[in-house]
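K.L.:
Sharing run-v7.txt, compact mmCIF, C-alpha atoms:
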# COMPACT_ATOMS: atom_id res chain seq x y z
CA VAL A 1 -0.21 12.80 1.96
CA VAL A 2 -0.72 11.30 5.44
CA SER A 3 -2.52 13.31 8.13
CA GLU A 4 -3.70 12.75 11.67
CA SER A 5 -6.15 14.89 13.67
CA SER A 6 -6.14 17.63 11.04
CA THR A 7 -7.77 18.74 7.79
CA THR A 8 -6.23 18.07 4.39
CA THR A 9 -7.36 20.48 1.67
CA LEU A 10 -6.42 19.79 -1.94
CA VAL A 11 -7.10 22.55 -4.48
CA LEU A 12 -7.04 21.39 -8.10
CA PRO A 13 -6.97 23.45 -11.29
CA LYS A 14 -10.35 23.52 -13.00
CA GLY A 15 -10.76 20.66 -15.42
CA SER A 16 -7.97 18.51 -13.97
CA ALA A 17 -8.63 14.80 -13.42
CA PRO A 18 -5.78 13.13 -11.49
CA ASP A 19 -5.74 9.49 -10.48
CA LEU A 20 -6.83 10.02 -6.88
CA THR A 21 -7.47 7.86 -3.83
CA ALA A 22 -8.52 9.35 -0.48
CA VAL A 23 -9.07 7.30 2.67
CA THR A 24 -9.95 8.55 6.13
CA ARG A 25 -11.02 6.89 9.35
CA TYR A 26 -13.14 8.79 11.85
CA GLY A 27 -13.28 11.74 9.52
CA SER A 28 -15.07 13.00 6.42
CA ILE A 29 -14.39 13.46 2.70
CA ALA A 30 -15.86 16.24 0.57
CA SER A 31 -14.95 16.39 -3.11
CA ASP A 32 -15.80 18.59 -6.07
CA LEU A 33 -13.99 16.01 -8.20
CA PRO A 34 -16.38 13.16 -9.06
CA VAL A 35 -15.44 10.15 -6.93
CA ALA A 36 -16.73 6.66 -6.23
CA ARG A 37 -17.36 6.49 -2.51
CA SER A 38 -17.62 3.52 -0.17
CA GLU A 39 -17.94 3.30 3.61
CA GLN A 40 -17.04 0.45 5.94
CA GLY A 41 -17.71 1.35 9.54
CA ALA A 42 -15.69 4.46 10.37
CA ARG A 43 -13.58 4.13 7.21
CA ILE A 44 -14.45 6.22 4.15
CA LEU A 45 -12.85 5.58 0.76
CA ALA A 46 -13.14 7.97 -2.20
CA ARG A 47 -11.68 7.01 -5.59
CA HIS A 48 -11.34 8.85 -8.89
CA GLY A 49 -9.76 6.32 -11.24
CA SER A 50 -7.70 7.80 -14.07
CA PRO A 51 -4.79 5.43 -14.83
CA GLU A 52 -3.70 7.45 -17.87
CA ALA A 53 -3.35 10.67 -15.86
CA ARG A 54 0.14 12.08 -15.38
CA GLN A 55 -0.56 12.91 -11.75
CA ARG A 56 -1.38 10.40 -9.01
CA ILE A 57 -2.55 11.53 -5.57
CA ASP A 58 -2.93 9.36 -2.46
CA ILE A 59 -4.41 10.88 0.70
CA SER A 60 -4.66 8.95 3.96
CA GLY A 61 -6.03 10.35 7.21
CA THR A 62 -7.06 9.31 10.71
CA PHE A 63 -9.43 11.52 12.65
CA SER A 64 -8.97 13.85 9.70
CA ASP A 65 -11.23 15.57 7.22
CA VAL A 66 -10.35 15.67 3.52
CA GLN A 67 -11.49 18.43 1.17
CA ILE A 68 -10.91 18.23 -2.59
CA LEU A 69 -11.77 21.50 -4.31
CA PHE A 70 -11.44 23.14 -7.69
CA GLU A 71 -9.91 26.60 -7.90
CA GLY A 72 -12.49 29.33 -7.41
CA GLU A 73 -15.18 27.02 -5.98
CA ALA A 74 -16.31 26.79 -2.37
CA GLY A 75 -16.73 23.04 -2.37
CA ALA A 76 -19.35 20.65 -1.09
CA ALA A 77 -20.21 20.09 2.51
CA ALA A 78 -18.40 17.20 4.11
CA THR A 79 -20.14 14.28 5.70
CA GLY A 80 -18.63 11.82 8.10
CA ALA A 81 -17.88 10.97 11.70
CA GLU A 82 -17.35 13.81 14.16
CA THR A 83 -16.28 13.88 17.80
CA ALA A 84 -16.03 16.68 20.37
CA ASP A 85 -13.25 14.88 22.25
CA LYS A 86 -9.68 16.12 22.02
CA PRO A 87 -6.55 14.02 21.44
CA ILE A 88 -3.99 13.63 24.22
CA SER A 89 -0.77 11.73 23.57
CA GLU A 90 2.15 10.22 25.46
CA THR A 91 5.27 8.43 24.22
CA VAL A 92 6.98 5.51 25.96
CA ARG A 93 10.37 4.13 24.90
CA GLU A 94 12.37 0.96 25.37
CA ASN A 95 15.81 -0.19 24.26
CA VAL A 96 16.54 -3.90 23.80
CA VAL A 97 19.81 -5.80 23.34
CA VAL A 98 19.60 -8.47 20.62
CA THR A 99 21.88 -11.05 19.04
CA PRO A 100 22.83 -11.30 15.35
CA TYR A 101 20.28 -14.13 15.06
CA THR A 102 17.26 -12.55 16.76
CA LYS A 103 13.91 -12.70 14.99
CA ILE A 104 11.57 -9.75 15.58
CA ALA A 105 7.78 -10.06 15.72
CA VAL A 106 5.48 -7.04 15.97
CA GLU A 107 1.77 -7.08 16.78
CA GLY A 108 -0.05 -3.75 16.73
CA VAL A 109 -3.51 -2.46 17.57
CA ILE A 110 -4.93 0.53 15.69
CA GLY A 111 -2.09 2.86 14.75
CA ASP A 112 0.77 3.45 12.34
CA ILE A 113 3.89 1.29 12.43
CA GLN A 114 7.31 2.37 11.17
CA VAL A 115 9.87 -0.39 10.63
CA ILE A 116 13.21 1.37 10.15
CA ALA A 117 16.37 -0.67 9.59
CA THR A 118 19.62 0.89 10.85
CA ASP A 119 23.28 0.04 11.40
CA ASP A 120 22.91 0.22 15.20
CA PRO A 121 23.38 -3.10 17.07
CA GLY A 122 20.34 -2.71 19.32
CA VAL A 123 16.59 -2.22 19.01
CA GLN A 124 14.90 1.07 19.90
CA ILE A 125 11.13 1.14 20.37
CA ALA A 126 8.95 4.24 20.68
CA ALA A 127 5.18 3.88 21.20
CA THR A 128 3.09 7.05 21.00
CA ARG A 129 -0.27 6.44 22.63
CA VAL A 130 -3.10 8.75 21.59
CA VAL A 131 -6.53 8.88 23.24
CA TRP A 132 -9.55 11.05 22.50
CA VAL A 133 -11.23 12.03 25.78
CA PRO A 134 -13.56 14.85 26.89
CA SER A 135 -11.00 16.32 29.33
CA ALA A 136 -7.39 15.94 30.41
CA SER A 137 -8.47 14.39 33.71
CA LYS A 138 -9.79 11.38 31.80
CA ALA A 139 -6.57 10.83 29.85
CA THR A 140 -4.38 9.06 32.42
CA ALA A 141 -6.50 5.93 32.77
CA ALA A 142 -7.11 5.73 29.01
CA LEU A 143 -3.40 6.06 28.21
CA GLU A 144 -2.51 3.38 30.74
CA ALA A 145 -4.98 1.03 29.06
CA LEU A 146 -2.80 1.10 25.93
CA ALA A 147 0.16 -1.04 26.95
CA LEU A 148 3.50 -1.59 25.24
CA ARG A 149 4.75 -5.10 25.96
CA VAL A 150 8.23 -6.24 25.02
CA GLU A 151 9.10 -9.89 25.56
CA GLN A 152 12.19 -11.92 24.71
CA ASP A 153 12.04 -15.68 24.21
CA LYS A 154 15.63 -16.84 24.63
CA SER A 155 14.82 -20.41 23.62
CA THR A 156 13.91 -19.27 20.09
CA ASP A 157 15.84 -15.97 20.15
CA THR A 158 12.65 -14.08 19.32
CA LEU A 159 11.81 -10.51 20.32
CA LEU A 160 8.04 -9.94 20.54
CA ILE A 161 6.80 -6.35 20.54
CA ARG A 162 3.10 -5.82 21.14
CA THR A 163 0.73 -2.93 21.66
CA VAL A 164 -2.24 -4.16 23.67
CA LEU A 165 -5.62 -2.80 24.71
CA THR A 166 -6.14 -3.78 28.38
CA ALA A 167 -9.44 -2.08 29.31
CA ASP A 168 -12.85 -1.09 27.97
CA MET A 169 -12.21 2.34 26.47
CA GLU A 170 -15.90 3.22 26.42
CA THR A 171 -16.01 2.79 30.20
CA LEU A 172 -13.01 5.13 30.44
CA GLN A 173 -14.90 7.72 28.33
CA CYS A 174 -12.37 7.38 25.53
CA SER A 175 -14.11 7.71 22.17
CA GLN A 176 -11.12 6.74 19.99
CA TYR A 177 -7.55 5.56 20.45
CA ARG A 178 -4.41 4.50 18.59
CA VAL A 179 -0.79 3.56 19.25
CA ASN A 180 1.81 4.72 16.72
CA LEU A 181 4.83 2.46 16.91
CA GLU A 182 8.36 3.24 15.71
CA LEU A 183 10.82 0.36 15.54
CA ARG A 184 14.52 0.90 14.80
CA TYR A 185 16.44 -2.33 14.49
CA PRO A 186 19.59 -3.88 12.95
CA ARG A 187 18.97 -4.21 9.24
CA HIS A 188 20.15 -7.85 9.01
CA LEU A 189 17.39 -9.15 11.34
CA PRO A 190 14.11 -10.57 9.93
CA VAL A 191 10.87 -8.86 10.95
CA ASN A 192 7.27 -10.06 10.95
CA VAL A 193 4.50 -7.49 11.44
CA VAL A 194 0.82 -8.12 12.16
CA ALA A 195 -1.00 -4.79 12.01
CA GLU A 196 -4.64 -4.23 12.88
CA GLU A 197 -5.21 -0.88 11.22
CA GLY A 198 -3.13 2.08 10.06
CA HIS A 199 -0.16 2.81 7.82
CA THR A 200 2.79 0.41 7.95
CA GLN A 201 6.08 1.81 6.59
CA ILE A 202 9.25 -0.17 5.85
CA SER A 203 12.70 1.16 4.98
CA GLY A 204 16.29 0.00 4.80
CA ASN A 205 15.88 -3.73 5.42
CA VAL A 206 18.37 -6.32 4.22
CA ALA A 207 16.74 -9.35 5.83
CA PRO A 208 13.16 -10.40 4.96
CA VAL A 209 10.21 -8.35 6.19
CA GLU A 210 6.69 -9.75 6.24
CA VAL A 211 3.55 -7.69 6.89
CA ASP A 212 -0.02 -8.84 7.42
CA GLN A 213 -2.28 -5.77 7.52
CA THR A 214 -6.01 -5.94 8.26
CA VAL A 215 -6.98 -2.40 7.21
CA GLY A 216 -4.91 0.55 6.01
CA THR A 217 -1.90 1.01 3.74
CA ILE A 218 1.58 -0.48 3.37
CA SER A 219 4.58 1.33 1.92
CA ALA A 220 8.28 0.54 1.54
CA GLN A 221 11.35 2.31 0.23
CA ARG A 222 15.14 1.87 0.07
CA PHE A 223 14.92 -1.85 0.79
CA ALA A 224 17.37 -4.57 -0.18
CA GLY A 225 15.79 -7.62 1.43
CA PRO A 226 12.69 -9.47 0.23
CA LEU A 227 9.25 -8.16 1.16
CA ASN A 228 6.14 -10.29 1.62
CA LEU A 229 3.15 -7.99 2.06
CA THR A 230 -0.54 -8.74 2.57
CA ASN A 231 -3.20 -6.06 2.92
CA LYS A 232 -6.72 -7.35 3.41
CA ASN A 233 -8.33 -3.93 3.02
CA GLY A 234 -6.14 -1.26 1.46
CA GLY A 235 -3.30 -0.52 -0.93
CA VAL A 236 0.44 -1.11 -1.26
CA ARG A 237 3.08 1.32 -2.54
CA ILE A 238 6.73 0.36 -3.08
CA THR A 239 9.45 2.79 -4.18
CA GLY A 240 13.13 2.40 -4.95
CA GLY A 241 14.39 -0.99 -3.74
CA THR A 242 16.67 -3.80 -4.89
CA GLY A 243 14.89 -6.70 -3.17
CA SER A 244 12.04 -8.82 -4.45
CA VAL A 245 8.42 -8.02 -3.58
CA THR A 246 5.46 -10.33 -3.16
CA ALA A 247 2.28 -8.36 -2.48
CA SER A 248 -1.42 -9.12 -2.10
CA ALA A 249 -4.04 -6.39 -1.73
CA ARG A 250 -7.81 -6.05 -1.72
CA TYR A 251 -9.89 -2.88 -2.05
CA GLY A 252 -6.86 -0.71 -2.76
CA ASP A 253 -4.33 0.13 -5.47
CA THR A 254 -0.83 -1.30 -5.73
CA ARG A 255 2.09 0.68 -7.14
CA PHE A 256 5.70 -0.36 -7.68
CA GLU A 257 8.32 2.18 -8.77
CA ARG A 258 11.96 1.40 -9.61
CA VAL A 259 11.98 -2.04 -8.00
CA ARG A 260 15.05 -3.93 -9.20
CA GLY A 261 13.99 -7.30 -7.81
CA ASP A 262 11.16 -9.52 -9.02
CA VAL A 263 7.64 -8.18 -8.46
CA SER A 264 4.73 -10.56 -7.84
CA VAL A 265 1.37 -8.98 -7.08
CA THR A 266 -2.22 -10.10 -6.62
CA CYS A 267 -4.74 -7.26 -6.50
CA VAL A 268 -8.53 -7.44 -6.17
CA GLN A 269 -10.73 -4.37 -6.69
CA GLY A 270 -7.86 -2.00 -7.28
CA ASP A 271 -5.46 -0.81 -9.98
CA THR A 272 -1.84 -1.94 -10.35
CA ILE A 273 0.98 0.23 -11.71
CA VAL A 274 4.49 -1.11 -12.28
CA ASP A 275 6.90 1.68 -13.22
CA SER A 276 10.47 0.97 -14.39
CA PRO A 277 10.74 -2.66 -13.26
CA GLY A 278 14.26 -4.04 -13.05
CA ALA A 279 13.45 -7.76 -13.14
CA GLY A 280 10.51 -10.10 -13.67
CA VAL A 281 6.87 -9.07 -13.21
CA MET A 282 3.93 -11.30 -12.32
CA VAL A 283 0.49 -9.68 -11.94
CA ARG A 284 -2.92 -11.15 -11.20
CA ASN A 285 -5.46 -8.32 -11.15
CA ASN A 286 -9.23 -8.60 -10.77
CA LEU A 287 -11.70 -5.72 -11.05
CA GLY A 288 -9.10 -3.09 -11.82
CA ASN A 289 -6.68 -1.86 -14.49
CA VAL A 290 -2.97 -2.64 -14.90
CA ARG A 291 -0.37 -0.27 -16.31
CA ILE A 292 3.28 -1.26 -16.86
CA LEU A 293 5.88 1.32 -17.87
CA ALA A 294 9.04 -0.38 -19.16
CA LEU A 295 10.68 2.56 -20.88
CA LYS A 296 14.19 1.28 -20.12
CA GLY A 297 13.54 -2.12 -21.62
CA VAL A 298 12.42 -5.52 -20.43
CA ALA A 299 14.72 -6.94 -17.72
CA GLY A 300 12.82 -10.13 -16.89
CA ASP A 301 9.89 -12.34 -17.77
CA TYR A 302 6.39 -10.80 -17.60
CA ASP A 303 3.31 -12.86 -16.77
CA VAL A 304 0.22 -10.65 -16.52
CA LEU A 305 -3.45 -11.62 -16.26
CA VAL A 306 -6.12 -8.94 -15.90
CA GLU A 307 -9.76 -9.88 -15.29
CA GLU A 308 -12.51 -7.28 -15.54
CA GLY A 309 -10.03 -4.53 -16.38
CA ASP A 310 -7.69 -3.16 -19.03
CA LEU A 311 -3.94 -3.72 -19.49
CA SER A 312 -1.64 -1.01 -20.79
CA LEU A 313 2.03 -1.68 -21.53
CA VAL A 314 4.44 1.07 -22.56
CA LEU A 315 7.78 -0.20 -23.89
CA GLY A 316 11.03 1.62 -24.60
CA ASN A 317 12.54 2.26 -28.00
CA LEU A 318 14.39 -1.06 -28.10
CA PRO A 319 12.28 -3.68 -26.32
CA THR A 320 13.54 -7.26 -26.47
CA ALA A 321 11.13 -10.05 -25.58
CA ASN A 322 9.18 -12.97 -26.92
CA LEU A 323 5.63 -11.61 -26.77
CA SER A 324 2.30 -13.44 -26.43
CA VAL A 325 -0.92 -11.42 -26.17
CA ALA A 326 -4.48 -12.69 -25.72
CA VAL A 327 -7.87 -11.16 -24.92
CA ASP A 328 -11.22 -12.75 -24.22
CA GLY A 329 -14.01 -10.20 -24.27
CA GLY A 330 -11.86 -7.29 -25.41
CA THR A 331 -9.59 -5.91 -28.12
CA ILE A 332 -5.86 -5.51 -28.75
CA ASP A 333 -4.43 -2.16 -29.83
CA SER A 334 -0.71 -2.37 -30.67
CA ALA A 335 1.71 0.29 -31.86
CA PHE A 336 3.94 -2.38 -33.44
CA PRO A 337 3.09 -5.25 -35.80
CA LEU A 338 1.68 -8.49 -34.38
CA SER A 339 0.83 -11.77 -36.06
CA GLY A 340 -2.07 -13.89 -34.83
CA GLN A 341 -5.71 -14.69 -35.24
CA ILE A 342 -9.19 -13.69 -34.17
CA LEU A 343 -10.77 -16.73 -32.52
CA GLY A 344 -14.26 -15.30 -32.20
CA ARG A 345 -16.12 -12.16 -31.29
CA ARG A 346 -13.84 -10.08 -29.05
CA LYS A 347 -11.44 -12.99 -28.64
CA GLU A 348 -7.95 -12.64 -30.11
CA GLU A 349 -4.49 -14.16 -29.80
CA PHE A 350 -1.30 -12.65 -31.20
CA ARG A 351 2.37 -13.44 -30.97
CA ASN A 352 5.47 -11.58 -32.00
CA TYR A 353 9.18 -11.57 -31.37
CA ILE A 354 10.33 -8.07 -30.54
CA GLY A 355 14.02 -7.55 -31.15
CA GLU A 356 16.40 -10.23 -29.91
CA GLY A 357 16.05 -11.19 -26.26
CA ALA A 358 15.70 -14.14 -23.95
CA HIS A 359 12.76 -12.82 -21.92
CA SER A 360 9.14 -13.78 -22.46
CA MET A 361 6.04 -11.62 -22.02
CA GLN A 362 2.68 -13.33 -21.58
CA LEU A 363 -0.13 -10.79 -21.46
CA GLU A 364 -3.80 -11.70 -21.10
CA ALA A 365 -7.00 -9.75 -20.45
CA ARG A 366 -10.42 -11.22 -19.76
CA ASN A 367 -13.29 -8.81 -20.25
CA GLY A 368 -10.85 -6.01 -20.89
CA ASP A 369 -8.62 -4.49 -23.56
CA ILE A 370 -4.84 -4.55 -24.07
CA VAL A 371 -2.94 -1.52 -25.35
CA LEU A 372 0.72 -1.83 -26.39
CA ASP A 373 2.80 1.31 -27.01
Go through the file and emit its structure as structure tokens.

P.N.:
Amino acid sequence: VVSESSTTTLVLPKGSAPDLTAVTRYGSIASDLPVARSEQGARILARHGSPEARQRIDISGTFSDVQILFEGEAGAAATGAETADKPISETVRENVVVTPYTKIAVEGVIGDIQVIATDDPGVQIAATRVVWVPSASKATAALEALALRVEQDKSTDTLLIRTVLTADMETLQCSQYRVNLELRYPRHLPVNVVAEEGHTQISGNVAPVEVDQTVGTISAQRFAGPLNLTNKNGGVRITGGTGSVTASARYGDTRFERVRGDVSVTCVQGDTIVDSPGAGVMVRNNLGNVRILALKGVAGDYDVLVEEGDLSLVLGNLPTANLSVAVDGGTIDSAFPLSGQILGRRKEEFRNYIGEGAHSMQLEARNGDIVLD
């Protein structure tokens, strides 16, 4: 769920405990469900970790309040940032002619960015500028201070798209601002995105897409080209693609569903879930749990290291892989026979050959447990 300038209310059945993450900026979060809460400036993060839960809920808001209630209960009072100013928006558009060899670079201030690959030969840009001001008379100057700049460098065949803050918004009596950018471009062109804060969405690409996000979330779907994603403060969610994914995230969860290309992920202070991978999987996870669901079999090599967290691997009926499992400061719980040794207190190594296959699976947990089903 993604919301802007509104209230998101989630009503849960009594006793339910989903795997839930809620993030809002310039808003508040109230929850009857027990959550771990952290605040960084205007950003509030609430997390109820339950990797084994069947339901996973992600809520992201900007200038939005989030309420998480149980049925029949009134709920707790919310706390967070409030403003009496009202949002006023305006959209500007540009169309650009490009060549089959153009490289696209995007640089965005606070706001969401949609990178949508199409079969059209040109580039269409829509920038929705939003300002929070005490009255409509104050909006014009504040909106003009949020500029859309489109530049073409013919010597390198590069299209640079930037949203830029050109004035002191406090002087203009603008309490908050954002620019939501929508980019539609030919799917065979490479794209590089540098995003300050918000939700960056990718879909339909064939050529490589690279994202460097400072704060917020990154998501992608229906992609065929390789993705290289970095989120310095937030999570990553990838669904239904044939390309490879390299992702790095801090302070947020990473989730990969039905990715047919190789997945390589580094996650710090967050959980990682890989569901129905179609190729190799490499995970380095610190201060969080890892869950891999390979119900349709192992289609590539797995190399997984979890530090300060648990690893859970669910295999299909006929898994085929050369398996190596090790824990240091934990235990191994396996539904199928393993042969190995206990090297010391809470330190074990086991190996087994499951079925007949060419793939290898190296699984290791440090200060955590491994469960194989």

K.L.:
Suppose you want the space between CA of Asp333 (chain A) and CA of Ala321 (chain A); what is it in Å?

P.N.:
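Those two atoms sit 18.0 Å apart.
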
K.L.:
Can you tell me which residues surround Gly235 (chain A) at a distance of at most 8 Å, considering all atoms listed in the file, apart from same-chain residues fewer than 3 positions away, and format the answer as number ranges by chain?

P.N.:
A: 216-218, 231, 249-254, 270

K.L.:
Here is a test: counting all atoms listed in the file, which residue of A:Gln152, A:Val2, A:Pro121, A:Ala17 is nearest to Asp65 (chain A)?

P.N.:
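Selected residue with least distance to Asp65 (chain A): A:Val2.
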
K.L.:
Name the closest residue to Thr9 (chain A) among the candidates A:Ile370, A:Ile68, A:Val265, A:Ser50; distances are taken between atoms, counting all atoms listed in the file.

P.N.:
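Selected residue with least distance to Thr9 (chain A): A:Ile68.
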
K.L.:
Counting all atoms listed in the file, which residues have an atom no more than 7 Å from (12.8, -1.8, -20.1) in the file's coordinates? Please list them as a list in words.

P.N.:
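Within the cut-off we find Ser276, Ala294, Leu295, Lys296, Gly297, Val298, Ala299, Leu315, Gly316 and Pro319 of chain A.
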
K.L.:
For the selection just defined, write its residues with C-alpha atoms to a file, as a PDB file, in the frame of the given file.

P.N.:
ATOM      1  CA  SER A 276      10.470   0.970 -14.390  1.00  0.00           C
ATOM      2  CA  ALA A 294       9.040  -0.380 -19.160  1.00  0.00           C
ATOM      3  CA  LEU A 295      10.680   2.560 -20.880  1.00  0.00           C
ATOM      4  CA  LYS A 296      14.190   1.280 -20.120  1.00  0.00           C
ATOM      5  CA  GLY A 297      13.540  -2.120 -21.620  1.00  0.00           C
ATOM      6  CA  VAL A 298      12.420  -5.520 -20.430  1.00  0.00           C
ATOM      7  CA  ALA A 299      14.720  -6.940 -17.720  1.00  0.00           C
ATOM      8  CA  LEU A 315       7.780  -0.200 -23.890  1.00  0.00           C
ATOM      9  CA  GLY A 316      11.030   1.620 -24.600  1.00  0.00           C
ATOM     10  CA  PRO A 319      12.280  -3.680 -26.320  1.00  0.00           C
TER      11      PRO A 319
END

K.L.:
To one decimal in Å, tell me the separation between CA of Thr166 (chain A) and CA of Tyr26 (chain A).

P.N.:
21.9 Å

K.L.:
So that I can check the surroundings of Arg184 (chain A), please list as a count of residues only every protein, DNA and RNA residue that reaches within 7 Å of it, counting all atoms listed in the file and ignoring chain neighbours fewer than 6 positions away.

P.N.:
7

K.L.:
Compile the contact shell of Phe63 (chain A) as a list in words: residues with an atom at most 8 Å away, counting all atoms listed in the file, same-chain residues fewer than 5 positions apart removed.

P.N.:
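Using all atoms listed in the file, the neighbours found are Glu4, Ser5, Ser6, Thr24, Arg25, Tyr26 and Gly27 of chain A.
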
K.L.:
Keeping C-alpha atoms for every residue in the selection just given, could you write it to a file as a CSV table (one decimal), in the coordinates of the input?

P.N.:
chain,number,residue,atom,x,y,z
A,4,GLU,CA,-3.7,12.8,11.7
A,5,SER,CA,-6.2,14.9,13.7
A,6,SER,CA,-6.1,17.6,11.0
A,24,THR,CA,-10.0,8.6,6.1
A,25,ARG,CA,-11.0,6.9,9.4
A,26,TYR,CA,-13.1,8.8,11.8
A,27,GLY,CA,-13.3,11.7,9.5

K.L.:
With distances taken over all atoms listed in the file, which residue among A:Leu363, A:Val11, A:Ile161, A:Val314 lies nearest Asn285 (chain A)?

P.N.:
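Smallest distance to Asn285 (chain A) is found for A:Leu363.
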